[in-house]
file final08.tsv (TSV, C-alpha atoms)
chain	number	residue	atom	x	y	z
A	10	MET	CA	91.45	117.53	115.36
A	11	GLU	CA	94.98	116.19	114.96
A	12	LYS	CA	95.57	113.15	112.75
A	13	LYS	CA	98.60	111.00	113.51
A	14	ILE	CA	99.90	108.70	110.76
A	15	LEU	CA	102.77	106.20	110.91
A	16	VAL	CA	104.63	105.77	107.61
A	17	ALA	CA	106.98	102.81	107.04
A	18	VAL	CA	110.08	103.91	105.11
A	19	ASP	CA	112.70	101.68	103.44
A	20	GLY	CA	114.42	103.85	100.83
A	21	SER	CA	112.73	102.18	97.86
A	22	VAL	CA	110.76	103.74	95.01
A	23	TYR	CA	107.62	102.23	96.55
A	24	SER	CA	108.32	104.02	99.79
A	25	SER	CA	108.70	107.23	97.76
A	26	ASN	CA	105.30	106.57	96.17
A	27	SER	CA	103.79	106.49	99.65
A	28	LEU	CA	105.32	109.86	100.47
A	29	ASP	CA	104.02	111.31	97.21
A	30	TYR	CA	100.55	110.01	98.12
A	31	LEU	CA	100.67	111.88	101.42
A	32	ILE	CA	101.97	115.02	99.74
A	33	ARG	CA	99.23	115.01	97.12
A	34	LEU	CA	96.44	114.61	99.65
A	35	PHE	CA	97.51	116.17	102.93
A	36	ARG	CA	100.27	118.76	102.58
A	37	GLU	CA	97.80	121.61	103.15
A	38	ASN	CA	96.43	120.07	106.38
A	39	GLN	CA	98.18	121.77	109.28
A	40	ASP	CA	96.87	119.22	111.80
A	41	PHE	CA	98.28	116.21	109.91
A	42	LYS	CA	101.15	114.64	111.86
A	43	VAL	CA	103.50	112.19	110.15
A	44	ASP	CA	105.84	109.83	112.00
A	45	LEU	CA	108.39	108.17	109.72
A	46	LEU	CA	109.58	104.74	110.84
A	47	ALA	CA	112.46	102.69	109.42
A	48	ALA	CA	112.49	99.21	110.95
A	49	VAL	CA	115.64	97.09	110.67
A	50	SER	CA	116.53	93.62	111.83
A	51	SER	CA	118.81	93.39	114.87
A	52	SER	CA	119.37	89.67	114.34
A	53	ASP	CA	122.85	88.83	113.16
A	54	TYR	CA	125.32	85.95	113.61
A	55	GLU	CA	128.14	88.38	114.31
A	56	GLN	CA	126.08	90.01	117.04
A	57	ASN	CA	125.39	86.71	118.77
A	58	TRP	CA	129.07	85.76	118.59
A	59	MET	CA	130.17	89.13	120.01
A	60	ALA	CA	127.76	88.89	122.92
A	61	GLU	CA	129.51	85.73	124.04
A	62	VAL	CA	132.99	87.29	124.06
A	63	ASP	CA	132.12	90.89	124.97
A	64	SER	CA	128.85	91.55	126.81
A	65	GLN	CA	129.34	95.34	126.49
A	66	ARG	CA	128.96	95.25	122.72
A	67	THR	CA	125.24	94.93	121.99
A	68	GLU	CA	125.24	95.72	118.27
A	69	SER	CA	127.30	94.21	115.50
A	70	THR	CA	128.87	96.22	112.72
A	71	VAL	CA	126.22	94.89	110.33
A	72	VAL	CA	123.35	96.11	112.51
A	73	GLN	CA	125.01	99.50	112.95
A	74	GLN	CA	125.33	99.79	109.19
A	75	ARG	CA	121.66	98.92	108.75
A	76	LYS	CA	120.66	101.61	111.23
A	77	ALA	CA	122.90	104.16	109.52
A	78	ARG	CA	121.32	103.45	106.13
A	79	ALA	CA	117.87	103.60	107.68
A	80	GLY	CA	118.73	106.98	109.18
A	81	LYS	CA	119.64	108.26	105.71
A	82	TYR	CA	116.34	106.98	104.29
A	83	LEU	CA	114.47	108.84	107.04
A	84	LYS	CA	116.42	112.04	106.46
A	85	ASP	CA	115.64	111.92	102.73
A	86	ALA	CA	111.95	111.19	103.41
A	87	ARG	CA	111.68	114.03	105.91
A	88	SER	CA	113.30	116.47	103.46
A	89	ARG	CA	110.93	115.35	100.72
A	90	LEU	CA	107.87	116.09	102.86
A	91	ILE	CA	109.17	119.48	104.01
A	92	ARG	CA	110.07	120.56	100.46
A	93	ASN	CA	106.51	119.79	99.41
A	94	GLY	CA	104.71	121.79	102.06
A	95	PHE	CA	104.54	119.69	105.25
A	96	PRO	CA	105.39	121.78	108.33
A	97	GLU	CA	108.68	120.64	109.82
A	98	LYS	CA	107.14	120.56	113.30
A	99	ASN	CA	104.58	117.98	112.10
A	100	ILE	CA	107.20	115.37	111.12
A	101	THR	CA	109.15	113.02	113.37
A	102	SER	CA	111.37	110.06	112.46
A	103	CYS	CA	112.66	106.95	114.19
A	104	VAL	CA	114.90	103.97	113.45
A	105	HIS	CA	113.57	100.89	115.22
A	106	ALA	CA	115.68	97.73	115.48
A	107	SER	CA	113.98	94.44	116.32
A	108	SER	CA	114.89	90.78	116.38
A	109	LYS	CA	111.26	89.71	115.83
A	110	GLY	CA	110.95	90.58	112.16
A	111	ILE	CA	110.27	93.80	110.27
A	112	SER	CA	106.49	93.48	109.94
A	113	ASN	CA	106.09	92.50	113.57
A	114	ALA	CA	108.22	95.47	114.66
A	115	ILE	CA	106.19	97.95	112.60
A	116	HIS	CA	102.88	96.49	113.74
A	117	ASN	CA	103.81	96.57	117.43
A	118	PHE	CA	105.20	100.11	117.15
A	119	ALA	CA	101.92	101.28	115.58
A	120	LYS	CA	99.80	99.62	118.27
A	121	GLU	CA	101.87	100.87	121.18
A	122	ASN	CA	101.75	104.47	119.98
A	123	MET	CA	98.05	104.46	119.03
A	124	TYR	CA	98.23	105.87	115.50
A	125	ASP	CA	95.17	106.83	113.49
A	126	ALA	CA	96.54	104.88	110.52
A	127	LEU	CA	99.56	102.89	109.37
A	128	LEU	CA	100.79	103.52	105.81
A	129	VAL	CA	102.92	100.97	103.94
A	130	GLY	CA	104.12	101.04	100.33
A	131	ARG	CA	103.42	97.79	98.49
A	132	ARG	CA	106.18	95.74	96.78
A	133	GLY	CA	108.94	97.92	98.17
A	134	VAL	CA	112.39	96.35	98.46
A	135	GLY	CA	115.22	98.27	100.10
A	136	ARG	CA	118.56	98.54	98.30
A	137	VAL	CA	120.40	96.29	100.74
A	138	GLY	CA	117.66	93.72	101.15
A	139	GLU	CA	116.91	93.82	104.87
A	140	MET	CA	113.94	96.20	104.72
A	141	LEU	CA	111.29	94.43	102.66
A	142	LEU	CA	108.05	96.41	102.46
A	143	GLY	CA	106.72	94.06	99.80
A	144	SER	CA	106.44	91.14	102.20
A	145	VAL	CA	105.61	93.52	105.04
A	146	SER	CA	102.50	94.83	103.30
A	147	ALA	CA	101.15	91.30	102.74
A	148	ASP	CA	101.85	90.39	106.35
A	149	MET	CA	100.21	93.58	107.61
A	150	VAL	CA	96.99	92.77	105.77
A	151	ARG	CA	96.82	89.53	107.73
A	152	ARG	CA	97.74	90.86	111.16
A	153	CYS	CA	96.86	94.58	111.39
A	154	HIS	CA	93.22	94.87	112.49
A	155	GLU	CA	93.51	97.25	115.43
A	156	ILE	CA	94.68	100.21	113.33
A	157	PRO	CA	93.45	101.33	109.88
A	158	LEU	CA	95.96	100.11	107.32
A	159	TRP	CA	96.74	102.08	104.16
A	160	ILE	CA	98.45	100.07	101.40
A	161	ILE	CA	99.84	102.16	98.52
A	162	ASP	CA	100.55	100.49	95.17
A	163	GLY	CA	102.33	102.44	92.45
A	164	ASN	CA	101.65	106.07	91.58
A	165	VAL	CA	98.28	107.27	92.90
A	166	SER	CA	97.28	110.64	91.45
A	167	SER	CA	93.50	110.85	91.92
A	168	THR	CA	91.98	112.51	95.00
A	169	ARG	CA	88.71	110.60	94.64
A	170	PHE	CA	87.81	107.88	97.14
A	171	LEU	CA	85.52	104.88	96.63
A	172	LEU	CA	83.89	103.80	99.89
A	173	ALA	CA	82.71	100.19	99.72
A	174	VAL	CA	79.46	99.99	101.69
A	175	HIS	CA	77.97	96.88	103.21
A	176	THR	CA	75.39	96.13	105.89
A	177	CYS	CA	77.82	95.56	108.75
A	178	THR	CA	79.26	97.62	111.60
A	179	HIS	CA	82.81	97.60	110.22
A	180	SER	CA	81.62	99.24	107.02
A	181	LEU	CA	80.19	102.16	109.00
A	182	MET	CA	83.44	102.34	110.97
A	183	ALA	CA	85.29	102.70	107.67
A	184	ALA	CA	83.03	105.64	106.78
A	185	ASP	CA	83.76	107.19	110.17
A	186	HIS	CA	87.53	106.82	109.67
A	187	LEU	CA	87.34	108.25	106.16
A	188	ALA	CA	85.37	111.28	107.32
A	189	PHE	CA	87.79	111.92	110.18
A	190	ILE	CA	90.76	111.93	107.81
A	191	LEU	CA	89.18	113.93	104.97
A	192	LYS	CA	86.88	116.46	106.64
A	193	ASP	CA	89.44	119.28	106.34
A	194	ASN	CA	90.39	118.31	102.79
A	195	PRO	CA	87.94	120.03	100.40
A	196	LYS	CA	89.73	118.81	97.25
A	197	THR	CA	88.67	115.20	97.80
A	198	GLU	CA	85.47	113.47	96.67
A	199	ILE	CA	83.87	110.33	98.10
A	200	TYR	CA	81.96	107.84	95.96
A	201	ILE	CA	79.68	105.42	97.83
A	202	TYR	CA	79.20	102.01	96.23
A	203	HIS	CA	77.77	98.59	97.12
A	204	SER	CA	78.71	95.52	95.10
A	205	LEU	CA	75.95	92.94	94.58
A	206	ALA	CA	78.29	89.94	94.49
A	207	ALA	CA	77.03	86.90	92.64
A	208	PHE	CA	78.98	84.59	94.94
A	209	GLY	CA	80.12	84.70	98.55
A	210	SER	CA	77.61	87.20	99.92
A	211	THR	CA	76.83	87.13	103.63
A	212	PRO	CA	73.66	88.17	105.48
A	213	PRO	CA	73.58	91.69	106.92
A	214	ASN	CA	74.12	92.41	110.60
A	215	GLU	CA	70.96	92.76	112.63
A	216	ALA	CA	70.01	96.30	113.63
A	217	GLU	CA	70.76	95.64	117.31
A	218	LYS	CA	74.46	95.09	116.56
A	219	PHE	CA	74.79	98.75	115.57
A	220	HIS	CA	73.22	100.10	118.78
A	221	SER	CA	76.27	99.86	121.04
A	222	ARG	CA	78.29	102.27	118.86
A	223	TRP	CA	75.69	104.56	117.31
A	224	GLY	CA	72.74	104.24	119.70
A	225	ALA	CA	69.22	102.95	119.18
A	226	LYS	CA	67.79	106.39	118.38
A	227	TRP	CA	70.34	107.14	115.65
A	228	CYS	CA	69.91	103.65	114.18
A	229	GLU	CA	66.13	103.96	114.12
A	230	GLN	CA	66.43	107.20	112.17
A	231	HIS	CA	69.27	106.41	109.77
A	232	LEU	CA	69.87	102.66	109.57
A	233	ASP	CA	68.63	101.49	106.16
A	234	ILE	CA	69.54	97.81	106.10
A	235	GLU	CA	67.13	97.13	103.25
A	236	THR	CA	69.12	99.46	100.98
A	237	CYS	CA	72.64	98.36	102.01
A	238	LEU	CA	73.13	101.26	104.46
A	239	TYR	CA	73.63	103.86	101.74
A	240	LYS	CA	71.78	106.40	103.87
A	241	ALA	CA	73.66	105.47	107.06
A	242	HIS	CA	77.09	105.78	105.44
A	243	ARG	CA	76.17	109.12	103.91
A	244	GLN	CA	74.87	110.36	107.25
A	245	ILE	CA	78.08	109.42	109.07
A	246	LEU	CA	80.14	111.27	106.48
A	247	ILE	CA	78.00	114.39	106.78
A	248	GLU	CA	77.90	114.33	110.59
A	249	ASN	CA	81.69	114.14	110.66
A	250	GLY	CA	82.24	117.20	108.48
A	251	ILE	CA	82.04	116.02	104.86
A	252	SER	CA	79.88	118.41	102.80
A	253	GLU	CA	77.11	116.86	100.73
A	254	ASP	CA	78.52	118.19	97.47
A	255	ARG	CA	81.61	116.02	98.01
A	256	ILE	CA	79.57	112.79	98.20
A	257	VAL	CA	78.47	110.83	95.12
A	258	GLN	CA	76.18	107.82	95.47
A	259	LEU	CA	76.67	105.15	92.81
A	260	PRO	CA	73.93	102.59	92.10
A	261	PRO	CA	74.71	99.04	93.27
A	262	ARG	CA	75.80	96.61	90.57
A	263	ARG	CA	76.36	92.88	90.33
A	264	GLY	CA	79.72	91.22	89.72
A	265	ILE	CA	81.22	87.73	89.93
A	266	HIS	CA	83.29	88.68	92.96
A	267	PRO	CA	83.07	91.93	94.94
A	268	SER	CA	86.84	92.52	94.97
A	269	HIS	CA	87.00	92.52	91.16
A	270	ASP	CA	83.87	94.66	90.99
A	271	LEU	CA	85.18	97.22	93.51
A	272	LEU	CA	88.45	97.64	91.62
A	273	ARG	CA	86.57	97.97	88.35
A	274	GLN	CA	84.26	100.64	89.76
A	275	ALA	CA	87.18	102.52	91.29
A	276	LYS	CA	88.94	102.66	87.91
A	277	ARG	CA	85.74	103.49	86.07
A	278	HIS	CA	85.14	106.54	88.26
A	279	GLN	CA	88.83	107.46	88.49
A	280	CYS	CA	89.11	106.86	92.23
A	281	GLY	CA	92.68	106.63	93.51
A	282	THR	CA	91.78	105.17	96.90
A	283	LEU	CA	89.45	102.31	97.80
A	284	VAL	CA	88.19	102.17	101.41
A	285	ILE	CA	86.95	98.86	102.86
A	286	GLY	CA	85.67	98.00	106.31
A	287	ARG	CA	86.57	94.43	107.17
A	288	ARG	CA	85.43	91.94	109.75
A	289	ASP	CA	87.44	90.45	112.60
A	290	ARG	CA	90.28	88.00	112.00
A	291	VAL	CA	88.20	84.99	112.99
A	292	ASP	CA	85.49	85.80	110.48
A	293	LYS	CA	86.17	84.45	106.98
A	294	GLY	CA	83.02	85.97	105.53
A	295	LEU	CA	82.55	88.39	102.66
A	296	LEU	CA	84.64	91.39	103.66
A	297	GLY	CA	87.55	89.34	104.97
A	298	GLY	CA	88.02	87.74	101.57
A	299	VAL	CA	87.30	90.99	99.77
A	300	SER	CA	90.02	92.91	101.60
A	301	ASP	CA	92.63	90.25	100.87
A	302	ARG	CA	91.80	89.88	97.19
A	303	THR	CA	91.37	93.58	96.60
A	304	THR	CA	94.74	94.44	98.11
A	305	LYS	CA	96.51	91.74	96.07
A	306	ASN	CA	94.97	92.88	92.78
A	307	ALA	CA	95.09	96.67	93.22
A	308	GLN	CA	97.44	98.42	90.81
A	309	ASN	CA	98.34	102.10	90.96
A	310	MET	CA	95.81	102.47	93.72
A	311	ALA	CA	95.66	102.88	97.49
A	312	VAL	CA	93.55	100.52	99.59
A	313	TRP	CA	92.48	101.48	103.11
A	314	LEU	CA	91.48	98.56	105.34
A	315	VAL	CA	89.53	99.52	108.47
A	316	GLY	CA	88.66	97.02	111.17
call {"tool": "encode", "arguments": {"input": "final08.tsv", "output": "structure tokens"}}
result
Amino acid sequence: MEKKILVAVDGSVYSSNSLDYLIRLFRENQDFKVDLLAAVSSSDYEQNWMAEVDSQRTESTVVQQRKARAGKYLKDARSRLIRNGFPEKNITSCVHASSKGISNAIHNFAKENMYDALLVGRRGVGRVGEMLLGSVSADMVRRCHEIPLWIIDGNVSSTRFLLAVHTCTHSLMAADHLAFILKDNPKTEIYIYHSLAAFGSTPPNEAEKFHSRWGAKWCEQHLDIETCLYKAHRQILIENGISEDRIVQLPPRRGIHPSHDLLRQAKRHQCGTLVIGRRDRVDKGLLGGVSDRTTKNAQNMAVWLVG
């Protein structure tokens, strides 16, 4: 099944790190589609002044220059992917100008086009200053809940994934997303881990809350709330095409805060990507705080936020 990923590009080294991450993991996947997006601001004093004296001129020289630079960034990014094995037919690119802010433009573009994931390089700053993926990544963590968000920090070389498991529906959805992305990628391994946080833990979802998505029969057979849904997460991975020999179950451990513990376990087991299912925006419970803190503190690691 085709996977469609939107990648924010700004010409920075951090944007290049994101491309390298894709190359390392997915260049051999023929069904992996990559859309490169360079978002630029269309707001400019010169543009507003020109509109008053000449209604036919809709873009200022400054905005045109921004779009031209963005086009060069996209061309370079596309060439980089093709040189490293991505089929040319699987790559598209687009410059998108918006007056509503870079992060808002990227977020809306991703929602409108129904991508399977949105990838953003962390701390990226474009050479001319108007494309700021550093602030964009932080903003995306707050606003992007409809689409899985992949935040890449630094150089990520490992093909191991740490799946943070918890007794909630969004955690199982994260397992489902991970399996969908990785099922045709035999070089990857998935480590399943539950953090026994000393502070801030929340009660598990009741079994009935899982029925609407997975059905009462499946839940009765596989839902193991008493053991943090280790069995349920493993079952979802296997049912979606992940072979059992690619799944490693780590024993739960206790830490002061789950975000610190998850990052520590990821480094301990040499996992380059940490996958977290998070609750809705209005919920400030365990996983909401975990996703925020984990993303802020991750170094040379990718964090996938699902939910």
call {"tool": "closest_residue", "arguments": {"input": "final08.tsv", "among": "A:Ile285, A:Leu232, A:Leu205, A:Cys103", "to": "His179 of chain A", "atoms": "only C-alpha atoms"}}
result
A:Ile285
call {"tool": "closest_residue", "arguments": {"input": "final08.tsv", "among": "A:Cys228, A:Leu191, A:Ile156, A:Ile32", "to": "Gly94 of chain A", "atoms": "only C-alpha atoms"}}
result
A:Ile32
call {"tool": "closest_residue", "arguments": {"input": "final08.tsv", "among": "A:Glu215, A:Asp254, A:Asp270, A:Asp44", "to": "Thr303 of chain A", "atoms": "all atoms listed in the file"}}
result
A:Asp270
call {"tool": "closest_residue", "arguments": {"input": "final08.tsv", "among": "A:Thr101, A:Ser146, A:Ser167, A:Ser180", "to": "Thr304 of chain A", "atoms": "only C-alpha atoms"}}
result
A:Ser146
call {"tool": "axis_aligned_box", "arguments": {"input": "final08.tsv", "around": "segment 34-37 of chain A", "padding_each_side": "3 Å", "output": "lines of an AutoDock Vina configuration file"}}
result
center_x = 98.4
center_y = 118.1
center_z = 101.4
size_x = 9.8
size_y = 13.0
size_z = 9.5
call {"tool": "residues_around", "arguments": {"input": "final08.tsv", "residues": "His186 of chain A", "least_positions_apart": "3", "cutoff": "12 Å", "atoms": "all atoms listed in the file", "output": "VMD selection string"}}
result
chain A and resid 12 125 to 126 156 to 159 172 179 to 183 189 to 192 242 245 to 246 249 to 251 284 to 286 313 to 316
call {"tool": "closest_residue", "arguments": {"input": "final08.tsv", "among": "A:Asn99, A:Thr70, A:Asn26, A:Ser21", "to": "Asn38 of chain A", "atoms": "only C-alpha atoms"}}
result
A:Asn99
call {"tool": "closest_residue", "arguments": {"input": "final08.tsv", "among": "A:Ile234, A:Phe95, A:Ser107, A:Ser102", "to": "Pro213 of chain A", "atoms": "only C-alpha atoms"}}
result
A:Ile234
call {"tool": "residues_around", "arguments": {"input": "final08.tsv", "residues": "Gly130 of chain A", "least_positions_apart": "2", "cutoff": "6 Å", "atoms": "all atoms listed in the file", "output": "PyMOL selection string"}}
result
chain A and resi 23-24+27+160-161
call {"tool": "residues_around", "arguments": {"input": "final08.tsv", "residues": "Asn122 of chain A", "least_positions_apart": "3", "cutoff": "10 Å", "atoms": "all atoms listed in the file", "output": "list in words"}}
result
Lys13, Leu15, Asn117, Phe118, Ala119 and Asp125 of chain A
call {"tool": "atom_distance", "arguments": {"input": "final08.tsv", "atom1": "atom CA of Met10 of chain A", "atom2": "atom CA of Ala311 of chain A"}}
result
23.5 Å
call {"tool": "atom_distance", "arguments": {"input": "final08.tsv", "atom1": "atom CA of Ala206 of chain A", "atom2": "atom CA of Arg262 of chain A"}}
result
8.1 Å
call {"tool": "residues_around", "arguments": {"input": "final08.tsv", "residues": "Arg169 of chain A", "least_positions_apart": "5", "cutoff": "6 Å", "atoms": "only C-alpha atoms", "output": "VMD selection string"}}
result
chain A and resid 197 to 199 280 to 281
call {"tool": "residues_around", "arguments": {"input": "final08.tsv", "residues": "Arg92 of chain A", "least_positions_apart": "4", "cutoff": "12 Å", "atoms": "only C-alpha atoms", "output": "number ranges by chain"}}
result
A: 28-29, 32, 36, 85-88, 96-97
